[in-house]
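J.: my_file30.csv is the file, holding CSV, C-alpha atoms and all ligand atoms:
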```
chain,number,residue,atom,x,y,z
A,1113,MET,CA,-8.8,24.2,3.4
A,1114,SER,CA,-10.5,20.8,4.0
A,1115,ARG,CA,-10.8,18.4,6.8
A,1116,LEU,CA,-9.5,15.0,5.6
A,1117,LEU,CA,-10.2,11.7,7.4
A,1118,VAL,CA,-7.4,9.2,6.5
A,1119,THR,CA,-8.1,5.6,7.5
A,1120,GLY,CA,-5.0,3.5,8.0
A,1121,GLY,CA,-2.9,6.7,8.3
A,1122,ALA,CA,-0.5,5.1,10.8
A,1123,GLY,CA,0.5,2.4,8.2
A,1124,PHE,CA,3.2,2.6,5.5
A,1125,ILE,CA,1.4,4.4,2.7
A,1126,GLY,CA,-1.1,6.2,4.8
A,1127,SER,CA,1.6,7.8,7.0
A,1128,ASN,CA,3.6,8.9,4.0
A,1129,PHE,CA,0.4,10.4,2.6
A,1130,VAL,CA,-0.3,12.3,5.8
A,1131,ARG,CA,3.2,13.7,5.8
A,1132,TYR,CA,2.8,14.6,2.1
A,1133,VAL,CA,-0.5,16.4,2.8
A,1134,VAL,CA,1.0,18.4,5.6
A,1135,GLU,CA,3.9,19.5,3.5
A,1136,ASN,CA,2.0,20.2,0.3
A,1137,THR,CA,-1.5,21.4,1.3
A,1138,ASP,CA,-3.5,23.3,4.0
A,1139,HIS,CA,-5.7,20.4,4.8
A,1140,GLU,CA,-6.3,19.2,8.4
A,1141,VAL,CA,-6.0,15.5,8.9
A,1142,THR,CA,-7.7,13.1,11.3
A,1143,VAL,CA,-6.2,9.6,11.1
A,1144,LEU,CA,-8.5,6.7,12.0
A,1145,ASP,CA,-6.2,3.7,12.7
A,1146,LYS,CA,-6.7,0.5,14.7
A,1147,LEU,CA,-2.9,0.3,15.3
A,1148,THR,CA,-2.7,-3.3,14.4
A,1149,TYR,CA,0.7,-4.9,14.3
A,1150,ALA,CA,1.2,-2.9,11.0
A,1151,GLY,CA,0.2,0.5,12.4
A,1152,ASN,CA,2.8,2.6,14.2
A,1153,GLU,CA,2.0,5.8,16.1
A,1154,SER,CA,5.7,6.9,15.7
A,1155,SER,CA,5.3,6.9,11.9
A,1156,LEU,CA,3.4,10.2,12.5
A,1157,LYS,CA,6.0,11.6,14.9
A,1158,GLY,CA,7.0,15.2,14.3
A,1159,LEU,CA,3.9,16.2,12.4
A,1160,PRO,CA,2.2,19.4,13.8
A,1161,GLU,CA,-0.5,18.6,16.4
A,1162,ALA,CA,-2.6,21.5,15.1
A,1163,ARG,CA,-2.9,19.8,11.7
A,1164,VAL,CA,-2.8,16.0,12.5
A,1165,ARG,CA,-4.9,14.1,15.1
A,1166,LEU,CA,-4.8,10.4,15.6
A,1167,VAL,CA,-8.0,8.5,16.7
A,1168,ARG,CA,-7.3,4.9,17.6
A,1169,GLY,CA,-10.2,2.8,16.4
A,1170,ASP,CA,-11.6,0.2,14.0
A,1171,ILE,CA,-13.1,1.2,10.6
A,1172,ALA,CA,-15.7,-1.5,11.2
A,1173,ASP,CA,-17.0,0.4,14.3
A,1174,ALA,CA,-20.0,2.1,12.8
A,1175,ALA,CA,-20.7,4.5,15.7
A,1176,LEU,CA,-17.2,5.8,15.7
A,1177,VAL,CA,-17.1,6.1,12.0
A,1178,ASP,CA,-20.4,8.0,12.0
A,1179,GLU,CA,-19.1,10.4,14.5
A,1180,LEU,CA,-15.9,11.1,12.5
A,1181,PHE,CA,-17.7,11.4,9.1
A,1182,ALA,CA,-19.9,14.1,10.6
A,1183,LYS,CA,-16.8,16.3,11.0
A,1184,THR,CA,-15.1,15.5,7.7
A,1185,ASP,CA,-15.1,17.0,4.2
A,1186,ALA,CA,-13.4,14.0,2.5
A,1187,VAL,CA,-12.2,10.5,3.4
A,1188,VAL,CA,-9.1,8.7,2.0
A,1189,HIS,CA,-9.4,5.0,2.8
A,1190,TYR,CA,-6.1,3.2,3.2
A,1191,ALA,CA,-6.9,1.0,6.1
A,1192,ALA,CA,-6.5,-2.7,5.2
A,1193,GLU,CA,-4.9,-5.9,6.1
A,1194,SER,CA,-2.2,-5.6,3.4
A,1195,HIS,CA,0.2,-8.6,3.4
A,1196,ASN,CA,-0.3,-11.5,1.0
A,1197,ASP,CA,1.7,-14.0,3.1
A,1198,ASN,CA,-0.4,-13.3,6.2
A,1199,SER,CA,-3.6,-13.8,4.2
A,1200,LEU,CA,-2.4,-17.3,3.3
A,1201,HIS,CA,-1.9,-18.1,7.0
A,1202,ASP,CA,-5.0,-16.4,8.5
A,1203,PRO,CA,-7.5,-14.9,6.0
A,1204,ARG,CA,-10.2,-13.9,8.5
A,1205,PRO,CA,-8.9,-10.4,9.5
A,1206,PHE,CA,-8.7,-9.6,5.7
A,1207,LEU,CA,-12.5,-10.2,5.4
A,1208,ASP,CA,-13.3,-8.2,8.5
A,1209,THR,CA,-11.3,-5.1,7.7
A,1210,ASN,CA,-11.1,-5.1,3.9
A,1211,ILE,CA,-14.7,-6.1,3.2
A,1212,VAL,CA,-16.8,-5.3,6.3
A,1213,GLY,CA,-14.7,-2.3,7.2
A,1214,THR,CA,-15.1,-0.8,3.7
A,1215,TYR,CA,-18.9,-1.6,3.9
A,1216,VAL,CA,-19.1,0.4,7.1
A,1217,LEU,CA,-17.3,3.4,5.6
A,1218,LEU,CA,-19.6,3.3,2.5
A,1219,GLU,CA,-22.7,3.3,4.6
A,1220,ALA,CA,-21.4,6.4,6.5
A,1221,ALA,CA,-20.5,8.1,3.2
A,1222,ARG,CA,-24.0,7.4,2.0
A,1223,ARG,CA,-25.6,8.9,5.2
A,1224,HIS,CA,-23.4,12.0,5.3
A,1225,GLY,CA,-22.9,12.6,1.6
A,1226,THR,CA,-19.2,12.5,2.2
A,1227,ARG,CA,-16.6,12.4,-0.7
A,1228,LEU,CA,-14.7,9.1,-0.4
A,1229,HIS,CA,-11.5,8.0,-2.2
A,1230,HIS,CA,-10.9,4.2,-2.0
A,1231,ILE,CA,-7.3,3.0,-2.1
A,1232,SER,CA,-6.8,-0.3,-3.9
A,1233,THR,CA,-4.2,-2.4,-5.6
A,1234,ASP,CA,-3.2,-3.7,-9.0
A,1235,GLU,CA,-3.4,-7.2,-7.6
A,1236,VAL,CA,-7.2,-7.2,-8.2
A,1237,TYR,CA,-6.4,-7.9,-11.8
A,1238,GLY,CA,-4.5,-11.1,-11.1
A,1239,ASP,CA,-1.1,-11.5,-12.9
A,1240,LEU,CA,0.5,-11.4,-16.3
A,1241,GLU,CA,2.9,-13.9,-17.9
A,1242,LEU,CA,6.6,-12.8,-18.2
A,1243,ASP,CA,6.4,-12.9,-22.0
A,1244,ASP,CA,3.1,-11.1,-22.2
A,1245,PRO,CA,3.8,-7.5,-23.4
A,1246,SER,CA,0.4,-6.2,-22.1
A,1247,ARG,CA,-0.1,-4.1,-18.9
A,1248,PHE,CA,-3.2,-3.7,-16.7
A,1249,THR,CA,-5.6,-0.9,-17.6
A,1250,GLU,CA,-8.9,0.2,-16.0
A,1251,SER,CA,-10.8,-2.2,-18.2
A,1252,THR,CA,-8.8,-5.3,-17.4
A,1253,PRO,CA,-11.1,-7.9,-15.9
A,1254,TYR,CA,-10.8,-8.6,-12.2
A,1255,ASN,CA,-9.1,-11.9,-11.5
A,1256,PRO,CA,-7.5,-11.9,-8.0
A,1257,SER,CA,-5.4,-14.8,-6.8
A,1258,SER,CA,-4.9,-14.5,-3.0
A,1259,PRO,CA,-7.2,-14.1,0.0
A,1260,TYR,CA,-5.7,-10.5,0.3
A,1261,SER,CA,-6.3,-9.5,-3.3
A,1262,SER,CA,-9.7,-11.1,-3.4
A,1263,THR,CA,-10.8,-9.1,-0.4
A,1264,LYS,CA,-9.4,-5.9,-2.0
A,1265,ALA,CA,-11.3,-6.8,-5.2
A,1266,GLY,CA,-14.4,-7.3,-3.1
A,1267,SER,CA,-14.0,-3.9,-1.5
A,1268,ASP,CA,-13.6,-2.2,-5.0
A,1269,LEU,CA,-16.8,-3.9,-6.2
A,1270,LEU,CA,-18.7,-2.7,-3.0
A,1271,VAL,CA,-17.5,0.9,-3.8
A,1272,ARG,CA,-18.7,0.6,-7.4
A,1273,ALA,CA,-22.1,-0.7,-6.3
A,1274,TRP,CA,-22.6,2.0,-3.7
A,1275,VAL,CA,-21.8,4.7,-6.3
A,1276,ARG,CA,-24.3,3.2,-8.7
A,1277,SER,CA,-27.1,2.2,-6.4
A,1278,PHE,CA,-26.9,5.0,-3.8
A,1279,GLY,CA,-25.0,7.8,-5.5
A,1280,VAL,CA,-22.1,7.7,-3.1
A,1281,ARG,CA,-19.5,10.3,-4.3
A,1282,ALA,CA,-16.5,8.0,-4.6
A,1283,THR,CA,-13.4,7.4,-6.7
A,1284,ILE,CA,-11.1,4.3,-6.7
A,1285,SER,CA,-7.4,4.0,-7.4
A,1286,ASN,CA,-5.4,0.8,-8.0
A,1287,CYS,CA,-1.7,1.3,-7.5
A,1288,SER,CA,1.3,-0.9,-8.1
A,1289,ASN,CA,3.9,-1.9,-5.5
A,1290,ASN,CA,5.1,1.0,-3.2
A,1291,TYR,CA,8.5,1.5,-1.6
A,1292,GLY,CA,9.8,4.2,0.7
A,1293,PRO,CA,10.3,4.9,4.4
A,1294,TYR,CA,8.0,3.5,7.2
A,1295,GLN,CA,7.3,0.2,5.4
A,1296,HIS,CA,6.9,-2.8,7.7
A,1297,VAL,CA,9.8,-5.2,7.7
A,1298,GLU,CA,7.5,-8.1,6.6
A,1299,LYS,CA,7.4,-6.6,3.0
A,1300,PHE,CA,10.0,-7.5,0.4
A,1301,ILE,CA,12.2,-4.4,0.2
A,1302,PRO,CA,12.4,-3.5,3.9
A,1303,ARG,CA,12.9,-7.2,4.8
A,1304,GLN,CA,16.0,-7.5,2.5
A,1305,ILE,CA,17.5,-4.1,3.6
A,1306,THR,CA,17.1,-5.0,7.3
A,1307,ASN,CA,18.4,-8.5,6.6
A,1308,VAL,CA,21.6,-7.1,5.2
A,1309,LEU,CA,21.9,-4.6,8.1
A,1310,ARG,CA,21.5,-7.6,10.5
A,1311,GLY,CA,24.0,-9.8,8.6
A,1312,ILE,CA,21.2,-12.2,7.3
A,1313,ARG,CA,21.2,-13.2,3.7
A,1314,PRO,CA,18.2,-11.8,1.6
A,1315,LYS,CA,15.5,-14.3,0.9
A,1316,LEU,CA,14.1,-14.6,-2.6
A,1317,TYR,CA,10.9,-16.7,-3.2
A,1318,GLY,CA,11.1,-19.4,-5.8
A,1319,ALA,CA,13.5,-18.5,-8.6
A,1320,GLY,CA,13.2,-14.7,-8.0
A,1321,GLU,CA,11.8,-14.1,-11.4
A,1322,ASN,CA,8.5,-12.5,-10.4
A,1323,VAL,CA,8.1,-9.0,-11.6
A,1324,ARG,CA,6.7,-6.0,-9.6
A,1325,ASP,CA,6.1,-2.5,-10.9
A,1326,TRP,CA,7.7,-0.2,-8.3
A,1327,ILE,CA,6.5,3.3,-7.4
A,1328,HIS,CA,7.8,5.6,-4.7
A,1329,ALA,CA,5.2,6.2,-1.9
A,1330,ASP,CA,5.3,10.0,-2.5
A,1331,ASP,CA,4.3,9.5,-6.1
A,1332,HIS,CA,1.3,7.4,-4.9
A,1333,SER,CA,0.4,10.3,-2.6
A,1334,SER,CA,0.6,13.0,-5.3
A,1335,ALA,CA,-1.6,10.8,-7.5
A,1336,VAL,CA,-4.2,10.4,-4.8
A,1337,LEU,CA,-4.3,14.2,-4.1
A,1338,THR,CA,-4.7,14.8,-7.9
A,1339,ILE,CA,-7.6,12.4,-8.0
A,1340,LEU,CA,-9.2,14.0,-4.9
A,1341,ASP,CA,-8.9,17.3,-6.6
A,1342,LYS,CA,-9.7,16.6,-10.2
A,1343,GLY,CA,-10.9,13.0,-10.4
A,1344,GLU,CA,-14.4,12.3,-11.9
A,1345,LEU,CA,-16.8,10.7,-9.4
A,1346,GLY,CA,-17.5,7.0,-10.0
A,1347,GLU,CA,-14.2,6.6,-11.9
A,1348,THR,CA,-11.3,4.3,-11.4
A,1349,TYR,CA,-7.7,5.4,-12.0
A,1350,LEU,CA,-4.6,3.1,-12.2
A,1351,ILE,CA,-1.4,4.5,-10.6
A,1352,GLY,CA,2.0,3.4,-11.7
A,1353,ALA,CA,5.4,4.8,-12.6
A,1354,ASP,CA,6.8,2.4,-15.2
A,1355,GLY,CA,9.0,0.7,-12.6
A,1356,GLU,CA,9.0,-3.0,-13.6
A,1357,LYS,CA,11.8,-5.1,-12.1
A,1358,ASN,CA,12.1,-8.7,-11.2
A,1359,ASN,CA,12.8,-9.6,-7.6
A,1360,LYS,CA,16.3,-10.8,-8.3
A,1361,GLN,CA,17.2,-7.5,-9.9
A,1362,VAL,CA,15.9,-5.6,-6.8
A,1363,VAL,CA,17.9,-7.8,-4.4
A,1364,GLU,CA,21.0,-7.4,-6.6
A,1365,LEU,CA,20.6,-3.6,-6.5
A,1366,ILE,CA,20.1,-3.6,-2.7
A,1367,LEU,CA,23.3,-5.7,-2.3
A,1368,GLU,CA,25.2,-3.3,-4.6
A,1369,LEU,CA,23.9,-0.2,-2.9
A,1370,MET,CA,24.7,-1.6,0.5
A,1371,GLY,CA,28.2,-2.7,-0.4
A,1372,ALA,CA,27.5,-6.4,-0.2
A,1373,SER,CA,28.5,-9.1,-2.7
A,1374,SER,CA,26.5,-9.9,-5.8
A,1375,GLY,CA,24.7,-13.3,-5.5
A,1376,ASP,CA,24.8,-13.2,-1.7
A,1377,TYR,CA,21.1,-14.3,-1.2
A,1378,ASP,CA,19.1,-17.5,-0.6
A,1379,LEU,CA,16.4,-18.9,-2.9
A,1380,VAL,CA,13.6,-20.1,-0.5
A,1381,THR,CA,10.2,-21.8,-0.6
A,1382,ASP,CA,7.9,-20.0,-3.0
A,1383,ARG,CA,4.7,-18.2,-2.0
A,1384,ALA,CA,1.6,-20.4,-2.7
A,1385,GLY,CA,-0.2,-19.0,-5.7
A,1386,HIS,CA,2.6,-16.5,-6.3
A,1387,ASP,CA,1.5,-13.9,-8.9
A,1388,MET,CA,4.1,-13.8,-11.7
A,1389,ARG,CA,4.0,-10.2,-13.0
A,1390,TYR,CA,2.2,-6.9,-12.3
A,1391,ALA,CA,2.4,-4.0,-14.8
A,1392,ILE,CA,0.4,-0.8,-14.8
A,1393,ASP,CA,-0.6,1.4,-17.7
A,1394,SER,CA,-1.4,4.7,-16.0
A,1395,SER,CA,-2.2,6.7,-19.2
A,1396,LYS,CA,-5.7,7.6,-18.0
A,1397,LEU,CA,-4.4,9.3,-14.9
A,1398,ARG,CA,-1.6,11.1,-16.9
A,1399,THR,CA,-3.8,12.1,-19.8
A,1400,ASP,CA,-7.1,13.0,-18.1
A,1401,LEU,CA,-5.8,14.5,-14.9
A,1402,GLY,CA,-2.2,15.6,-15.9
A,1403,TRP,CA,-0.4,13.6,-13.2
A,1404,ALA,CA,3.3,12.5,-13.6
A,1405,PRO,CA,5.6,10.8,-11.2
A,1406,ALA,CA,8.3,12.9,-9.6
A,1407,PHE,CA,10.6,10.0,-8.5
A,1408,PRO,CA,11.0,7.9,-11.6
A,1409,ASP,CA,14.6,6.9,-10.7
A,1410,PHE,CA,14.3,3.6,-8.8
A,1411,ALA,CA,18.0,3.4,-7.8
A,1412,GLU,CA,17.9,6.9,-6.4
A,1413,GLY,CA,14.7,6.3,-4.4
A,1414,LEU,CA,16.1,2.9,-3.2
A,1415,THR,CA,19.3,4.6,-2.0
A,1416,ALA,CA,17.3,7.1,0.1
A,1417,THR,CA,15.1,4.2,1.4
A,1418,ILE,CA,18.2,2.2,2.5
A,1419,GLN,CA,19.5,5.3,4.2
A,1420,TRP,CA,16.2,5.7,6.1
A,1421,TYR,CA,16.4,2.1,7.4
A,1422,ARG,CA,20.0,2.7,8.4
A,1423,ASP,CA,19.0,5.8,10.3
A,1424,ASN,CA,15.8,4.5,11.9
A,1425,GLU,CA,16.6,1.1,13.5
A,1426,ALA,CA,14.6,2.0,16.6
A,1427,TRP,CA,11.5,2.2,14.3
A,1428,TRP,CA,11.9,-1.2,12.7
A,1429,ALA,CA,13.9,-3.3,15.2
A,1430,PRO,CA,10.9,-4.2,17.5
A,1431,ALA,CA,9.2,-6.0,14.7
A,1432,LYS,CA,12.2,-7.7,13.1
A,1433,ASP,CA,12.7,-10.9,15.2
A,1434,ALA,CA,9.0,-11.9,15.2
A,1435,THR,CA,8.8,-11.3,11.5
A,1436,GLU,CA,11.8,-13.5,10.8
A,1437,ARG,CA,10.4,-16.2,13.1
A,1438,PHE,CA,7.1,-16.2,11.1
A,1439,TYR,CA,9.0,-16.7,7.8
A,1440,ALA,CA,11.5,-19.2,9.2
A,1441,ALA,CA,8.5,-21.4,10.3
A,1442,ARG,CA,7.4,-21.5,6.6
A,1443,GLY,CA,10.9,-22.2,5.1
A,1444,GLN,CA,11.1,-18.6,3.9
B,1,LIG,P1,0.0,-1.3,6.1
B,1,LIG,O1,-0.3,-2.7,6.4
B,1,LIG,O2,1.4,-0.8,6.2
B,1,LIG,O3,-1.0,-0.3,6.8
B,1,LIG,C1,-2.3,-0.6,7.1
B,1,LIG,C2,-2.8,0.3,8.2
B,1,LIG,O4,-4.2,0.1,8.4
B,1,LIG,C3,-2.1,0.1,9.5
B,1,LIG,O5,-1.8,1.3,10.1
B,1,LIG,C4,-3.2,-0.7,10.4
B,1,LIG,O6,-3.1,-0.4,11.8
B,1,LIG,C5,-4.5,-0.1,9.8
B,1,LIG,N1,-5.6,-0.9,10.0
B,1,LIG,C6,-5.7,-2.3,9.7
B,1,LIG,N2,-7.0,-2.7,10.0
B,1,LIG,C7,-7.7,-1.6,10.4
B,1,LIG,C8,-9.0,-1.5,10.9
B,1,LIG,N3,-9.9,-2.5,11.0
B,1,LIG,N4,-9.4,-0.2,11.3
B,1,LIG,C9,-8.5,0.8,11.2
B,1,LIG,N5,-7.3,0.7,10.8
B,1,LIG,C10,-6.8,-0.5,10.4
B,1,LIG,O7,-0.5,-1.2,4.5
B,1,LIG,P2,0.0,-0.3,3.3
B,1,LIG,O8,1.1,-1.1,2.6
B,1,LIG,O9,0.3,1.1,3.8
B,1,LIG,O10,-1.3,-0.3,2.4
B,1,LIG,C11,-2.2,0.8,2.6
B,1,LIG,C12,-3.3,0.6,1.5
B,1,LIG,O11,-2.7,0.7,0.2
B,1,LIG,C13,-4.0,-0.7,1.6
B,1,LIG,O12,-5.4,-0.5,1.3
B,1,LIG,C14,-3.4,-1.5,0.5
B,1,LIG,O13,-4.3,-2.5,-0.1
B,1,LIG,C15,-3.1,-0.4,-0.5
B,1,LIG,N6,-2.0,-0.7,-1.5
B,1,LIG,C16,-0.8,-1.0,-1.0
B,1,LIG,C17,0.3,-1.2,-1.9
B,1,LIG,C18,1.7,-1.5,-1.4
B,1,LIG,O14,2.6,-1.7,-2.2
B,1,LIG,N7,2.0,-1.6,-0.1
B,1,LIG,C19,0.1,-1.0,-3.2
B,1,LIG,C20,-1.2,-0.7,-3.7
B,1,LIG,C21,-2.2,-0.5,-2.8
B,2,LIG,O1,11.0,-12.2,1.6
B,2,LIG,C1,10.4,-12.0,0.5
B,2,LIG,N1,11.0,-12.6,-0.6
B,2,LIG,C2,10.4,-12.4,-1.8
B,2,LIG,O2,10.9,-12.9,-2.9
B,2,LIG,C3,9.2,-11.3,0.4
B,2,LIG,C4,8.6,-10.8,1.7
B,2,LIG,C5,8.6,-11.2,-0.8
B,2,LIG,N2,9.2,-11.7,-1.9
B,2,LIG,C6,8.5,-11.5,-3.2
B,2,LIG,C7,7.1,-11.7,-3.3
B,2,LIG,C8,6.6,-10.7,-4.4
B,2,LIG,O3,6.9,-11.2,-5.7
B,2,LIG,O4,8.7,-10.1,-3.5
B,2,LIG,C9,7.6,-9.5,-4.2
B,2,LIG,C10,7.0,-8.4,-3.3
B,2,LIG,O5,6.4,-9.0,-2.2
B,2,LIG,P1,5.6,-8.2,-1.1
B,2,LIG,O6,6.4,-7.1,-0.6
B,2,LIG,O7,5.0,-9.1,-0.1
B,2,LIG,O8,4.5,-7.5,-2.0
B,2,LIG,P2,3.3,-8.0,-3.0
B,2,LIG,O9,2.9,-9.4,-2.6
B,2,LIG,O10,3.8,-7.8,-4.4
B,2,LIG,O11,2.1,-7.0,-2.6
B,2,LIG,C11,2.4,-5.6,-2.4
B,2,LIG,O12,2.0,-4.8,-3.5
B,2,LIG,C12,0.7,-4.7,-3.7
B,2,LIG,C13,1.7,-5.1,-1.1
B,2,LIG,O13,2.1,-5.9,0.0
B,2,LIG,C14,0.2,-5.1,-1.3
B,2,LIG,O14,-0.4,-4.6,-0.1
B,2,LIG,C15,-0.1,-4.3,-2.5
B,2,LIG,O15,-1.5,-4.5,-2.8
```
Spell out the structure here as structure tokens.
T.:
Amino acid sequence: MSRLLVTGGAGFIGSNFVRYVVENTDHEVTVLDKLTYAGNESSLKGLPEARVRLVRGDIADAALVDELFAKTDAVVHYAAESHNDNSLHDPRPFLDTNIVGTYVLLEAARRHGTRLHHISTDEVYGDLELDDPSRFTESTPYNPSSPYSSTKAGSDLLVRAWVRSFGVRATISNCSNNYGPYQHVEKFIPRQITNVLRGIRPKLYGAGENVRDWIHADDHSSAVLTILDKGELGETYLIGADGEKNNKQVVELILELMGASSGDYDLVTDRAGHDMRYAIDSSKLRTDLGWAPAFPDFAEGLTATIQWYRDNEAWWAPAKDATERFYAARGQ
């Protein structure tokens, strides 16, 4: 049994990871989370208090981080400002958390010799054209487009430098787009599901042709546990489940699964600098570490996700109106 520190464990992917750890391992978990607008204490509701503890705090608070690292065997670092649209509106918190926060964790890992796994995104590689058959691999050059993805790229490079210069025991993973329960309504899939539930037409940016490579959050979690267990220090692993779909296909599937009419959506103002296509080649993770996704059926995973939003309006409703006002002010 190990003591895990999970930063950002009250967010979407972090809380799914904590739940997955409780259900599939003996590890004890301390969550360090600032509970920003994106963090939600109730995403950890129902988990056993003997196994999961929440500390409200900032990853950039060096004294707090130092105290927590002293009592930890391994750290999984999810905490981030995570939304591209917000980063176009106000980039500063992205630098503070994604860059400075990661730096503070690396310095603590260096002092305490703590094993660290850094969670990152496929967006660090920029985007691919629709007619380009290639996919991202661990050797694709970094070429981020947005303030969000550039700060994630910066954080990855800090991790690599701390591994090489100071011998920090770290690994990195870059995952594709996640879906599942507990995702904030600002993000594409929950926004459209909750729009339909509220009688609002789904909103597609631009022509809706942009492609994302979808993976269920539980498959992301199993991949991260696999890397913690068997990953080679200093290595980067791409995580993906061969789930490429364009945004129009996803909205059409949501409409169909929710019993709404095909074509019942609006095309709205495009995102500035909108990445066209992401696609992950996860061969290294599958071949070297023996990982495989358990939820490859997107329609099945989406059906369960829709049901979760139907059943949990009390979780998402408090954020819905403010989120829609933010988008409406931008013609989205
Ligand atoms: P999220 O926005 O849902 O959650 C982020 C969490 O971090 C929140 O609980 C928030 O309160 C917390 N946080 C923010 N700033 C903090 C700070 N300074 N100190 C402590 N806690 C802080 O994000 P998510 O979608 O769950 O993403 C989690 C991680 O996974 C991020 O690092 C993101 O880059 C990465 N990622 C996300 C996706 C995706 O599809 N959502 C895909 C690949 C990688
Ligand atoms: O209302 C919308 N309409 C729309 O067409 C929204 C909110 C989004 N979109 C489009 C933009 C993207 O092409 O849907 C796609 C997905 O958008 P987001 O959910 O904002 O995700 P994305 O920008 O692809 O980034 C996500 O995956 C990689 C996460 O938010 C990141 O944290 C992760 O790194």
J.: Residues within 6 Å of ligand LIG 1 (chain B) should be enumerated using only C-alpha atoms and all ligand atoms and returned as number ranges by chain.
T.: A: 1119-1126, 1144-1148, 1150-1151, 1169-1172, 1190-1194, 1209, 1231-1233, 1287-1290
J.: Write the selection just made, keeping C-alpha atoms, as a short mmCIF file (atom, residue, chain, number, x, y, z; two decimals), in the coordinates of the input?
T.:
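Heads up, here's the output in result.cif:
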```
data_model
loop_
_atom_site.label_atom_id
_atom_site.label_comp_id
_atom_site.auth_asym_id
_atom_site.auth_seq_id
_atom_site.Cartn_x
_atom_site.Cartn_y
_atom_site.Cartn_z
CA THR A 1119 -8.10 5.60 7.50
CA GLY A 1120 -5.00 3.50 8.00
CA GLY A 1121 -2.90 6.70 8.30
CA ALA A 1122 -0.50 5.10 10.80
CA GLY A 1123 0.50 2.40 8.20
CA PHE A 1124 3.20 2.60 5.50
CA ILE A 1125 1.40 4.40 2.70
CA GLY A 1126 -1.10 6.20 4.80
CA LEU A 1144 -8.50 6.70 12.00
CA ASP A 1145 -6.20 3.70 12.70
CA LYS A 1146 -6.70 0.50 14.70
CA LEU A 1147 -2.90 0.30 15.30
CA THR A 1148 -2.70 -3.30 14.40
CA ALA A 1150 1.20 -2.90 11.00
CA GLY A 1151 0.20 0.50 12.40
CA GLY A 1169 -10.20 2.80 16.40
CA ASP A 1170 -11.60 0.20 14.00
CA ILE A 1171 -13.10 1.20 10.60
CA ALA A 1172 -15.70 -1.50 11.20
CA TYR A 1190 -6.10 3.20 3.20
CA ALA A 1191 -6.90 1.00 6.10
CA ALA A 1192 -6.50 -2.70 5.20
CA GLU A 1193 -4.90 -5.90 6.10
CA SER A 1194 -2.20 -5.60 3.40
CA THR A 1209 -11.30 -5.10 7.70
CA ILE A 1231 -7.30 3.00 -2.10
CA SER A 1232 -6.80 -0.30 -3.90
CA THR A 1233 -4.20 -2.40 -5.60
CA CYS A 1287 -1.70 1.30 -7.50
CA SER A 1288 1.30 -0.90 -8.10
CA ASN A 1289 3.90 -1.90 -5.50
CA ASN A 1290 5.10 1.00 -3.20
#
```
J.: Give me, as a PyMOL selection string, the set of residues whose atoms come within 7 Å of any atom of ligand LIG 2 (chain B), counting all atoms listed in the file.
T.: chain A and resi 1194-1197+1232-1235+1261+1288-1290+1298-1301+1303-1304+1315-1317+1320+1322-1324+1359+1386-1387+1444
J.: Have a look at atom CA of A:Ser1155 and atom CA of A:Val1187 and let me know their distance in Å, one decimal.
T.: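 Atom-to-atom, atom CA of A:Ser1155 and atom CA of A:Val1187 are spaced 19.8 Å apart.
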J.: My list of candidates is A:Leu1200, A:Ala1182, A:Ala1174, A:Val1118. Which is closest to A:Leu1228 when distances are computed with all atoms listed in the file?
T.: A:Val1118
J.: Could you state the separation of atom CA of A:Glu1179 and atom CA of A:Glu1135 in Å, given to one decimal place?
T.: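 Between these atoms lies a distance of 27.1 Å.
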J.: Rounded to one decimal place, report the atom CA of A:Ser1258-atom CA of A:Gly1318 distance in Å.
T.: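 Atom CA of A:Gly1318 lies 17.0 Å from atom CA of A:Ser1258.
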J.: Have a look at A:Ala1265, A:Ile1366, A:Ala1353, A:Leu1379 and name the one nearest to A:Asp1409; count all atoms listed in the file.
T.: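 Closest candidate: A:Ala1353.
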J.: When distances are computed from all atoms listed in the file, which of A:Arg1276, A:Ala1384, A:Phe1410, A:Val1336 shows the smallest separation from A:Pro1259?
T.: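 Under the stated criterion, the closest residue is A:Ala1384.
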J.: Have a look at A:Leu1367, A:Val1297, A:Val1188, A:Ala1406 and name the one nearest to A:Ala1434; count all atoms listed in the file.
T.: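 Selected residue with least distance to A:Ala1434: A:Val1297.
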J.: Let me make sure I understand: among A:Ile1327, A:Leu1156, A:Val1362, A:Leu1269, which one has the smallest atom-to-atom distance to A:Tyr1291 if we use all atoms listed in the file?
T.: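 Among the listed residues, A:Ile1327 lies closest to A:Tyr1291.
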J.: Distance cut-off 7 Å, centre (8.1, 3.6, -0.2) in file coordinates, counting all atoms listed in the file: which residues qualify? Return them as a PyMOL selection string.
T.: chain A and resi 1290-1293+1295+1328-1329
J.: Can you work out which one of A:Leu1240, A:Ala1220, A:Val1275, A:Val1212 has the shortest atom-to-atom distance to A:Lys1183, counting only C-alpha atoms?
T.: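 Once distances to A:Lys1183 are computed over only C-alpha atoms, the minimum belongs to A:Ala1220.
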J.: For A:Lys1264, find every residue with an atom within 7 Å (counting all atoms listed in the file), except residues of its own chain fewer than 3 positions away, and show them as a list in words.
T.: Asn1210, Ser1232, Val1236, Tyr1260, Ser1261, Ser1267 and Asp1268 of chain A
J.: Anything within 12 Å of (20.6, -10.9, 16.8): list those residues as a ChimeraX atom specification, counting all atoms listed in the file and sticking to the file's coordinates.
T.: /A:1306-1307,1309-1312,1429-1430,1432-1434,1436
J.: Write out as a list of chain:residue names which residues come within 9 Å of A:Leu1397 when counting only C-alpha atoms, dropping same-chain ones fewer than 2 positions away.
T.: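 Close residues of A:Leu1397: A:Ala1335, A:Thr1338, A:Ile1339, A:Gly1343, A:Tyr1349, A:Leu1350, A:Ile1351, A:Ser1394, A:Ser1395, A:Thr1399, A:Asp1400, A:Leu1401, A:Gly1402, A:Trp1403, A:Ala1404.
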